[in-house]
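Here is the file protein_20.cif (mmCIF, C-alpha atoms).
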```cif
data_model
#
loop_
_atom_site.label_atom_id
_atom_site.label_comp_id
_atom_site.auth_asym_id
_atom_site.auth_seq_id
_atom_site.Cartn_x
_atom_site.Cartn_y
_atom_site.Cartn_z
CA MET W 1 -35.74 2.48 44.50
CA LYS W 2 -38.57 4.49 46.05
CA HIS W 3 -37.31 3.58 49.54
CA LEU W 4 -33.76 4.58 48.59
CA LEU W 5 -34.90 7.93 47.23
CA GLY W 6 -36.91 8.48 50.40
CA LYS W 7 -33.84 7.85 52.55
CA LEU W 8 -31.79 10.12 50.32
CA GLY W 9 -34.34 12.92 50.66
CA ALA W 10 -34.44 12.50 54.44
CA GLU W 11 -30.65 12.58 54.66
CA VAL W 12 -30.45 15.71 52.49
CA ARG W 13 -32.99 17.45 54.73
CA ALA W 14 -31.08 16.40 57.83
CA THR W 15 -27.80 17.58 56.33
CA ALA W 16 -29.36 20.87 55.28
CA GLY W 17 -30.83 21.70 58.67
CA GLY W 18 -29.74 24.97 60.25
CA LEU W 19 -27.88 26.47 57.30
CA PRO W 20 -28.50 30.23 56.81
CA ARG W 21 -30.77 31.69 54.15
CA THR W 22 -27.97 33.35 52.17
CA TYR W 23 -26.35 29.95 51.76
CA TRP W 24 -29.57 28.60 50.22
CA TYR W 25 -29.73 31.41 47.68
CA LEU W 26 -26.17 30.58 46.61
CA TRP W 27 -27.08 26.87 46.57
CA THR W 28 -30.13 27.56 44.39
CA GLY W 29 -28.12 29.75 42.02
CA THR W 30 -25.51 27.03 41.71
CA LEU W 31 -28.19 24.50 40.81
CA VAL W 32 -29.69 26.82 38.17
CA ASN W 33 -26.26 27.46 36.70
CA ARG W 34 -25.31 23.77 36.56
CA LEU W 35 -28.60 22.81 34.94
CA GLY W 36 -27.38 24.81 31.95
CA SER W 37 -23.79 23.59 31.91
CA PHE W 38 -23.99 22.49 28.31
CA VAL W 39 -21.01 23.93 26.49
CA VAL W 40 -17.72 23.15 28.25
CA PRO W 41 -18.15 19.32 28.30
CA PHE W 42 -18.87 19.39 24.56
CA LEU W 43 -16.51 22.19 23.54
CA SER W 44 -13.96 20.03 21.71
CA LEU W 45 -16.74 18.10 19.95
CA TYR W 46 -18.36 21.37 18.87
CA LEU W 47 -15.09 22.73 17.49
CA ILE W 48 -14.36 19.57 15.50
CA ARG W 49 -17.85 18.93 14.14
CA GLU W 50 -19.23 22.43 13.68
CA ARG W 51 -16.18 24.62 13.13
CA GLY W 52 -13.98 22.08 11.29
CA PHE W 53 -11.05 22.17 13.72
CA HIS W 54 -8.49 19.38 13.81
CA GLU W 55 -8.09 17.52 17.10
CA ALA W 56 -4.88 19.38 17.97
CA GLU W 57 -6.49 22.75 17.24
CA ALA W 58 -9.51 21.89 19.35
CA GLY W 59 -7.21 20.82 22.17
CA LEU W 60 -5.43 24.17 22.00
CA VAL W 61 -8.71 26.05 22.33
CA VAL W 62 -9.74 23.92 25.31
CA SER W 63 -6.33 24.62 26.86
CA LEU W 64 -6.87 28.35 26.36
CA HIS W 65 -10.15 28.03 28.24
CA GLY W 66 -8.32 26.19 31.02
CA ALA W 67 -5.57 28.83 31.15
CA GLY W 68 -8.23 31.48 31.61
CA GLY W 69 -9.61 29.43 34.51
CA VAL W 70 -6.19 29.34 36.20
CA ILE W 71 -5.97 33.14 36.11
CA ALA W 72 -9.62 33.49 37.13
CA ALA W 73 -9.07 31.51 40.31
CA LEU W 74 -6.41 33.93 41.55
CA VAL W 75 -8.07 37.10 40.26
CA GLY W 76 -11.52 36.05 41.49
CA GLY W 77 -10.22 35.29 44.96
CA THR W 78 -8.39 38.61 45.16
CA LEU W 79 -11.42 40.56 43.95
CA ALA W 80 -13.64 38.79 46.47
CA ASP W 81 -11.39 40.12 49.25
CA ARG W 82 -10.75 43.58 47.82
CA VAL W 83 -14.09 44.64 46.32
CA GLY W 84 -16.42 42.13 47.95
CA ARG W 85 -18.13 38.79 47.35
CA ARG W 86 -21.30 40.25 45.86
CA ALA W 87 -19.56 42.46 43.28
CA THR W 88 -17.28 39.61 42.22
CA LEU W 89 -20.20 37.22 41.87
CA LEU W 90 -22.23 39.65 39.78
CA SER W 91 -19.38 40.67 37.50
CA GLY W 92 -18.18 37.11 37.03
CA LEU W 93 -21.61 35.65 36.29
CA TRP W 94 -22.83 38.40 33.98
CA LEU W 95 -19.53 38.87 32.13
CA GLY W 96 -19.20 35.09 31.90
CA SER W 97 -22.64 34.95 30.33
CA ALA W 98 -21.56 37.52 27.73
CA ALA W 99 -18.35 35.56 27.02
CA MET W 100 -20.44 32.42 26.47
CA LEU W 101 -22.54 34.20 23.84
CA SER W 102 -19.39 35.62 22.25
CA LEU W 103 -17.97 32.12 21.85
CA GLY W 104 -21.23 30.81 20.43
CA PHE W 105 -21.38 33.52 17.77
CA SER W 106 -17.66 33.50 16.93
CA ARG W 107 -16.67 32.11 13.55
CA ALA W 108 -13.10 33.16 12.84
CA THR W 109 -10.39 31.11 14.51
CA TRP W 110 -8.93 34.08 16.35
CA GLN W 111 -12.36 35.06 17.64
CA ILE W 112 -12.96 31.54 18.94
CA CYS W 113 -9.56 31.48 20.67
CA VAL W 114 -10.07 34.87 22.33
CA SER W 115 -13.63 34.04 23.35
CA ALA W 116 -12.62 30.67 24.82
CA PHE W 117 -9.91 32.32 26.91
CA LEU W 118 -12.32 35.03 28.07
CA LEU W 119 -14.92 32.40 28.94
CA GLY W 120 -12.38 30.67 31.18
CA LEU W 121 -11.23 33.96 32.70
CA LEU W 122 -14.58 35.67 33.22
CA GLY W 123 -16.81 32.63 33.59
CA GLU W 124 -14.79 31.20 36.48
CA LEU W 125 -14.29 34.41 38.48
CA TYR W 126 -17.27 33.71 40.70
CA ARG W 127 -16.15 30.36 42.16
CA PRO W 128 -13.76 31.61 44.89
CA ALA W 129 -16.33 34.26 45.87
CA VAL W 130 -18.99 31.59 46.43
CA SER W 131 -16.68 29.58 48.69
CA ALA W 132 -15.60 32.70 50.58
CA ALA W 133 -19.22 33.80 51.07
CA LEU W 134 -20.08 30.35 52.37
CA ALA W 135 -17.28 30.61 54.93
CA ASP W 136 -18.61 34.06 55.90
CA VAL W 137 -22.19 32.99 56.62
CA VAL W 138 -21.96 29.35 57.73
CA PRO W 139 -20.84 28.60 61.31
CA PRO W 140 -17.46 26.82 61.49
CA GLN W 141 -18.93 23.53 62.74
CA ASP W 142 -21.30 23.36 59.74
CA ARG W 143 -18.91 24.24 56.93
CA ALA W 144 -17.90 20.73 55.91
CA ARG W 145 -21.51 19.62 55.41
CA ALA W 146 -22.35 22.93 53.70
CA TYR W 147 -19.51 22.49 51.21
CA GLY W 148 -20.54 18.85 50.77
CA LEU W 149 -24.15 19.79 50.01
CA LEU W 150 -23.00 22.44 47.54
CA TYR W 151 -20.78 19.88 45.79
CA TRP W 152 -23.70 17.47 45.75
CA VAL W 153 -26.02 19.93 44.00
CA VAL W 154 -23.29 20.70 41.44
CA ASN W 155 -23.32 17.03 40.46
CA VAL W 156 -27.12 16.80 40.54
CA GLY W 157 -27.33 19.74 38.15
CA PHE W 158 -24.61 18.37 35.90
CA SER W 159 -26.24 14.93 35.77
CA ILE W 160 -29.48 16.54 34.61
CA ALA W 161 -27.70 18.92 32.23
CA LEU W 162 -26.04 16.19 30.15
CA PRO W 163 -29.26 14.63 28.80
CA LEU W 164 -30.80 18.10 28.47
CA ALA W 165 -27.83 19.10 26.34
CA GLY W 166 -28.57 16.19 24.02
CA LEU W 167 -32.15 17.42 23.59
CA ALA W 168 -31.15 21.05 23.13
CA SER W 169 -28.50 20.12 20.53
CA ARG W 170 -31.33 19.09 18.17
CA PHE W 171 -31.91 22.81 17.69
CA GLY W 172 -28.24 23.32 16.87
CA PHE W 173 -25.16 23.93 18.97
CA LEU W 174 -25.96 27.63 19.19
CA ALA W 175 -28.94 26.70 21.39
CA LEU W 176 -26.49 25.18 23.89
CA PHE W 177 -24.51 28.41 24.10
CA VAL W 178 -27.62 30.54 24.53
CA ALA W 179 -29.13 28.26 27.19
CA ASP W 180 -25.83 28.10 29.10
CA ALA W 181 -25.52 31.89 29.00
CA CYS W 182 -29.12 32.31 30.21
CA THR W 183 -28.71 30.07 33.26
CA THR W 184 -25.46 31.80 34.19
CA PHE W 185 -27.13 35.20 33.84
CA LEU W 186 -30.04 33.97 35.96
CA TYR W 187 -27.63 32.97 38.73
CA GLY W 188 -26.43 36.56 38.70
CA VAL W 189 -30.02 37.78 38.99
CA ILE W 190 -30.52 35.58 42.08
CA VAL W 191 -27.37 37.05 43.63
CA TRP W 192 -28.43 40.63 42.77
CA TRP W 193 -31.91 40.05 44.18
CA LYS W 194 -31.24 38.02 47.32
CA VAL W 195 -27.54 37.77 48.28
CA PRO W 196 -26.13 40.62 50.39
CA GLU W 197 -22.48 41.46 50.76
CA THR W 198 -21.00 38.98 53.26
CA ARG W 199 -17.38 40.14 53.51
CA PRO W 200 -16.57 40.70 57.20
CA ALA W 201 -15.72 44.20 58.33
CA LEU W 202 -12.03 44.30 59.21
CA PRO W 203 -10.33 46.29 61.97
CA PRO W 204 -8.16 49.19 60.71
CA GLU W 205 -4.90 47.37 61.42
CA GLN W 206 -5.92 44.55 59.07
CA ALA W 207 -7.44 46.72 56.36
CA GLY W 208 -4.18 48.16 55.01
CA PRO W 209 -2.21 46.78 52.05
CA SER W 210 0.00 43.75 52.57
CA ARG W 211 3.56 43.43 51.31
CA ARG W 212 2.77 40.35 49.26
CA PRO W 213 0.23 40.57 46.42
CA PRO W 214 -2.98 39.12 47.90
CA SER W 215 -3.41 36.60 45.11
CA LEU W 216 -0.02 35.03 45.92
CA ALA W 217 -0.26 35.19 49.72
CA PRO W 218 -1.41 31.56 50.25
CA PHE W 219 1.71 30.25 48.51
CA GLY W 220 3.85 32.07 51.05
CA ASP W 221 2.07 30.18 53.84
CA PRO W 222 4.08 26.97 54.43
CA VAL W 223 1.16 25.15 56.06
CA PHE W 224 -1.16 25.92 53.14
CA LEU W 225 1.57 24.99 50.66
CA ALA W 226 2.13 21.65 52.37
CA PHE W 227 -1.62 21.02 52.10
CA ALA W 228 -1.85 22.26 48.49
CA LEU W 229 0.86 20.14 46.87
CA PRO W 230 -0.74 16.72 47.55
CA ILE W 231 -4.07 18.26 46.46
CA LEU W 232 -2.43 19.19 43.14
CA LEU W 233 -1.04 15.67 42.70
CA THR W 234 -4.47 14.20 43.40
CA ALA W 235 -6.05 16.64 40.95
CA LEU W 236 -3.56 15.61 38.25
CA VAL W 237 -4.66 12.00 38.71
CA PHE W 238 -8.35 12.83 38.82
CA SER W 239 -8.16 14.99 35.70
CA GLN W 240 -7.06 11.99 33.63
CA GLY W 241 -10.74 11.11 33.53
CA SER W 242 -11.44 14.03 31.20
CA VAL W 243 -9.29 13.00 28.21
CA THR W 244 -6.87 10.10 28.56
CA LEU W 245 -9.39 7.69 30.08
CA LEU W 246 -11.60 8.04 27.00
CA MET W 247 -8.58 7.67 24.71
CA ASP W 248 -7.39 4.50 26.43
CA LEU W 249 -10.71 2.69 26.81
CA THR W 250 -11.97 3.45 23.31
CA SER W 251 -8.62 2.36 21.81
CA GLN W 252 -9.29 -1.05 23.38
CA GLY W 253 -12.67 -1.33 21.70
CA MET W 254 -15.06 0.28 24.18
CA SER W 255 -17.76 2.23 22.34
CA PRO W 256 -18.41 5.89 23.21
CA ALA W 257 -21.91 4.93 24.39
CA THR W 258 -20.52 2.31 26.77
CA PHE W 259 -17.91 4.78 27.99
CA GLY W 260 -20.66 7.30 28.73
CA ALA W 261 -22.57 4.68 30.71
CA VAL W 262 -19.45 3.74 32.69
CA LEU W 263 -18.63 7.36 33.46
CA ALA W 264 -22.24 8.00 34.49
CA VAL W 265 -21.53 5.79 37.51
CA ASN W 266 -19.53 8.71 38.89
CA GLY W 267 -22.44 11.14 38.87
CA VAL W 268 -24.96 8.59 40.13
CA LEU W 269 -22.78 7.61 43.09
CA ILE W 270 -22.13 11.22 44.08
CA VAL W 271 -25.83 12.03 43.96
CA LEU W 272 -26.71 8.95 46.03
CA LEU W 273 -23.81 8.88 48.50
CA GLN W 274 -22.58 12.45 49.08
CA PRO W 275 -25.40 13.38 51.51
CA PHE W 276 -24.59 10.30 53.62
CA ALA W 277 -20.81 10.84 53.51
CA GLY W 278 -20.75 13.85 55.83
CA ARG W 279 -21.64 11.78 58.88
CA TRP W 280 -18.83 9.28 58.21
CA LEU W 281 -16.29 11.97 57.35
CA GLY W 282 -17.14 13.75 60.59
CA THR W 283 -15.80 10.76 62.55
CA LEU W 284 -12.35 11.02 60.92
CA ARG W 285 -9.49 13.40 61.37
CA ARG W 286 -9.41 15.64 58.31
CA ALA W 287 -5.89 14.55 57.39
CA THR W 288 -7.07 10.93 57.47
CA ALA W 289 -10.06 11.75 55.25
CA LEU W 290 -7.83 13.56 52.76
CA SER W 291 -5.39 10.64 52.80
CA TRP W 292 -8.22 8.23 52.04
CA ALA W 293 -9.38 10.53 49.26
CA SER W 294 -5.99 10.63 47.56
CA GLY W 295 -5.38 6.92 48.05
CA LEU W 296 -8.77 5.92 46.64
CA THR W 297 -8.33 8.29 43.70
CA GLY W 298 -4.96 6.77 42.84
CA LEU W 299 -6.22 3.22 43.37
CA GLY W 300 -9.30 3.80 41.24
CA PHE W 301 -7.38 5.14 38.28
CA GLY W 302 -4.76 2.45 38.77
CA LEU W 303 -7.50 -0.17 38.37
CA HIS W 304 -8.09 1.05 34.81
CA ALA W 305 -4.92 -0.86 33.94
CA LEU W 306 -6.99 -4.05 34.28
CA GLY W 307 -8.66 -3.47 30.92
CA ALA W 308 -11.66 -2.06 29.10
CA GLN W 309 -14.30 -4.58 30.14
CA PRO W 310 -17.31 -2.51 31.25
CA GLY W 311 -17.55 -4.22 34.64
CA LEU W 312 -13.88 -3.63 35.51
CA ALA W 313 -14.00 -0.06 34.23
CA ALA W 314 -17.14 0.64 36.29
CA LEU W 315 -15.45 -0.83 39.39
CA ALA W 316 -12.53 1.54 38.89
CA VAL W 317 -14.91 4.48 38.56
CA VAL W 318 -16.64 3.45 41.80
CA VAL W 319 -13.32 3.49 43.66
CA TRP W 320 -12.11 6.87 42.45
CA THR W 321 -15.58 8.36 42.94
CA LEU W 322 -15.38 7.40 46.62
CA GLY W 323 -12.15 9.36 46.77
CA GLU W 324 -13.84 12.34 45.13
CA ILE W 325 -16.69 12.21 47.66
CA ALA W 326 -14.22 12.32 50.55
CA GLN W 327 -12.05 15.02 49.00
CA SER W 328 -14.23 18.00 48.18
CA PRO W 329 -16.03 19.00 51.41
CA VAL W 330 -13.07 18.29 53.68
CA ALA W 331 -10.52 20.17 51.58
CA SER W 332 -12.73 23.26 51.22
CA ALA W 333 -13.32 23.34 54.98
CA VAL W 334 -9.56 23.12 55.65
CA VAL W 335 -8.96 26.07 53.31
CA ALA W 336 -11.67 28.09 55.07
CA ASP W 337 -10.00 27.47 58.44
CA LEU W 338 -6.45 28.22 57.26
CA ALA W 339 -7.42 31.49 55.58
CA PRO W 340 -7.12 34.72 57.55
CA THR W 341 -10.50 36.45 57.72
CA GLU W 342 -9.36 39.20 55.34
CA GLN W 343 -8.06 36.66 52.78
CA ARG W 344 -10.78 34.03 52.58
CA GLY W 345 -11.39 34.69 48.91
CA THR W 346 -7.69 34.67 48.12
CA TYR W 347 -7.15 31.29 49.79
CA GLN W 348 -10.21 29.78 48.11
CA GLY W 349 -8.96 31.16 44.80
CA ALA W 350 -5.59 29.52 45.34
CA TYR W 351 -7.35 26.21 46.03
CA TYR W 352 -9.44 26.48 42.85
CA MET W 353 -6.30 27.36 40.93
CA LEU W 354 -4.83 23.96 41.79
CA TRP W 355 -7.74 22.23 40.07
CA ALA W 356 -7.72 24.61 37.11
CA LEU W 357 -3.98 24.07 36.71
CA SER W 358 -4.44 20.31 36.75
CA SER W 359 -7.11 20.63 34.05
CA CYS W 360 -4.52 22.38 31.86
CA LEU W 361 -1.59 20.08 32.57
CA ALA W 362 -3.15 16.66 33.05
CA PRO W 363 -4.48 16.03 29.51
CA ALA W 364 -1.16 16.88 27.84
CA LEU W 365 0.91 15.04 30.45
CA GLY W 366 -1.33 11.97 30.48
CA SER W 367 -1.52 11.82 26.68
CA TRP W 368 2.28 12.00 26.46
CA VAL W 369 2.73 9.15 28.95
CA LEU W 370 0.07 7.07 27.19
CA GLY W 371 1.59 7.66 23.76
CA HIS W 372 5.24 7.15 24.70
CA HIS W 373 5.16 4.63 27.54
CA GLY W 374 1.80 2.89 27.28
CA ARG W 375 -1.30 2.44 29.36
CA TYR W 376 0.34 0.48 32.18
CA ALA W 377 2.79 3.31 32.81
CA LEU W 378 -0.06 5.83 32.81
CA TRP W 379 -2.35 4.04 35.24
CA GLY W 380 0.54 2.73 37.34
CA GLY W 381 1.82 6.28 37.61
CA CYS W 382 -1.63 7.43 38.74
CA LEU W 383 -1.62 4.76 41.45
CA ALA W 384 1.84 5.82 42.62
CA LEU W 385 0.94 9.52 42.67
CA GLY W 386 -2.27 8.88 44.59
CA LEU W 387 -0.54 6.78 47.24
CA PHE W 388 2.30 9.29 47.51
CA ALA W 389 -0.22 12.12 48.03
CA ALA W 390 -2.03 10.02 50.64
CA GLY W 391 1.17 9.59 52.61
CA TRP W 392 1.98 13.28 52.21
CA HIS W 393 -1.34 14.32 53.76
CA LEU W 394 -0.54 12.23 56.84
CA ALA W 395 3.04 13.48 57.02
CA VAL W 396 2.05 17.18 57.12
CA ALA W 397 -0.93 16.70 59.44
CA ALA W 398 0.98 17.47 62.63
CA ALA W 399 2.15 20.90 61.41
CA ARG W 400 -1.38 21.86 60.34
CA ARG W 401 -2.75 20.58 63.66
CA ARG W 402 -0.38 22.88 65.52
CA ARG W 403 -1.41 25.81 63.32
CA MET W 404 -5.09 25.11 63.94
CA ASP W 405 -4.56 24.88 67.70
CA THR W 406 -2.87 28.28 67.61
CA LEU W 407 -5.59 29.84 65.44
CA ARG W 408 -8.36 28.63 67.75
CA LEU W 409 -6.87 30.72 70.55
CA THR W 410 -7.37 33.97 68.60
CA ARG W 411 -10.10 33.31 66.02
CA ALA W 412 -13.57 32.10 66.92
CA GLU W 413 -14.41 31.30 63.29
CA VAL W 414 -11.99 28.35 63.13
CA SER W 415 -13.83 25.03 63.38
CA ALA W 416 -13.20 22.49 66.12
CA ALA W 417 -12.65 19.68 63.59
CA LEU W 418 -9.53 17.65 64.25
CA ASP W 419 -6.71 17.54 61.73
#
```
Once more with this new file: its structure as structure tokens, please.
Amino acid sequence: MKHLLGKLGAEVRATAGGLPRTYWYLWTGTLVNRLGSFVVPFLSLYLIRERGFHEAEAGLVVSLHGAGGVIAALVGGTLADRVGRRATLLSGLWLGSAAMLSLGFSRATWQICVSAFLLGLLGELYRPAVSAALADVVPPQDRARAYGLLYWVVNVGFSIALPLAGLASRFGFLALFVADACTTFLYGVIVWWKVPETRPALPPEQAGPSRRPPSLAPFGDPVFLAFALPILLTALVFSQGSVTLLMDLTSQGMSPATFGAVLAVNGVLIVLLQPFAGRWLGTLRRATALSWASGLTGLGFGLHALGAQPGLAALAVVVWTLGEIAQSPVASAVVADLAPTEQRGTYQGAYYMLWALSSCLAPALGSWVLGHHGRYALWGGCLALGLFAAGWHLAVAAARRRRMDTLRLTRAEVSAALD
């Protein structure tokens, strides 16, 4: 184990080499924020146990939070382009911190609903701005590994936060809300103290208003849309892990404790493997890597049809985690290259919206399939969607390759990675 951790540390240092200082302040802030990510994973449990909500009512509140996140992705991306990365980061982090406290102190049902929606809306505003700032300061050839390292630290922080949440909950659920709000606020302090504005200065001809609302511009780009739709299908499959996977496995007799141990395989693998994945992903065309990601995600969730034995369930988690590891850094780098310089935040916001939308739709859709057609239809459908998305990524690769070749002739900030 000591040797493995030594290799992991060496690989992280090698991966991190040469990245600019502003990136590291954002990376550090992300780690601080994720170390306090206590509330959202336990929100439904809190509502049922502490506030006396029924399961359906708790699900509605969680959906309101997700709906706020969908809007936040588009609004946050637009604000990052219009008013700047720094202002969007500060407003999102500090207002999100206030919304977290509001939810923690809310008692009436309407107050909880409003606060949950505001937490999704305000607390998620900062995400597109972080990705846009990263694209601003990191050289094109380093973006994939920079996004990969950022995704890695998100999972490191979350893996530490879960047991910390269990300890903090001994002081009451309110302690979770306060701690989460404090770490989010502290991220804002790091940005205020150390992160400058990174938005590129635009020439006058690009600075004027566009005909299409900036938040919707990516969906008028056929190449981005062709990339986004298989991402959405993959996200719908992946999001089944948040609700329906627990419902299915526990209905077959798996205990919540065993389920937690099985799902922990996901975080452990990401922490151990993500730093090493960048080197392998760099040898593949990006369309091939995305195809592998979608295919492995579909295959992994399809394997859950084999049953609730811990070994089989853990094997399935291993497979779809490998897809997750391949997906995140490559997809974010593609978005950064496709985005016009003046719309980096908008494009990143559109990408985050796909995942937020899947978080809203997937639980209801998956629960309906599970309840009306059974577990084999659910997991078989996940397999089919994943494989379909994998084929789609390969089918649209040529059009994106032509777009990238054209962009490289006029924009130096487009990476040389092959699609």
Report the residues retrieved by the PyMOL selection byres ((chain W and resi 30) around 12) from the displayed file, expressed as a PyMOL selection string.
chain W and resi 23-29+31-37+89+93+126-127+130-131+149-158+183-191
To one decimal place in Å, what is the distance between atom CA of Gly300 of chain W and atom CA of Ile325 of chain W?
12.9 Å
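Each of W:Val70, W:Leu299, W:Val61, W:Met353 was compared to Thr109 of chain W using all atoms listed in the file, and W:Val61 turns out to be the nearest.
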Check what the PyMOL selection byres ((chain W and resi 165-180) around 12) selects in the file above and give those residues as a VMD selection string.
chain W and resid 32 to 43 45 to 47 49 to 51 93 to 94 96 to 107 119 123 157 to 164 181 to 187
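Atom CA of Arg408 of chain W is positioned 25.5 Å from atom CA of Thr22 of chain W.
Atom pair atom CA of Leu385 of chain W / atom CA of Ala331 of chain W: separated by 18.0 Å.
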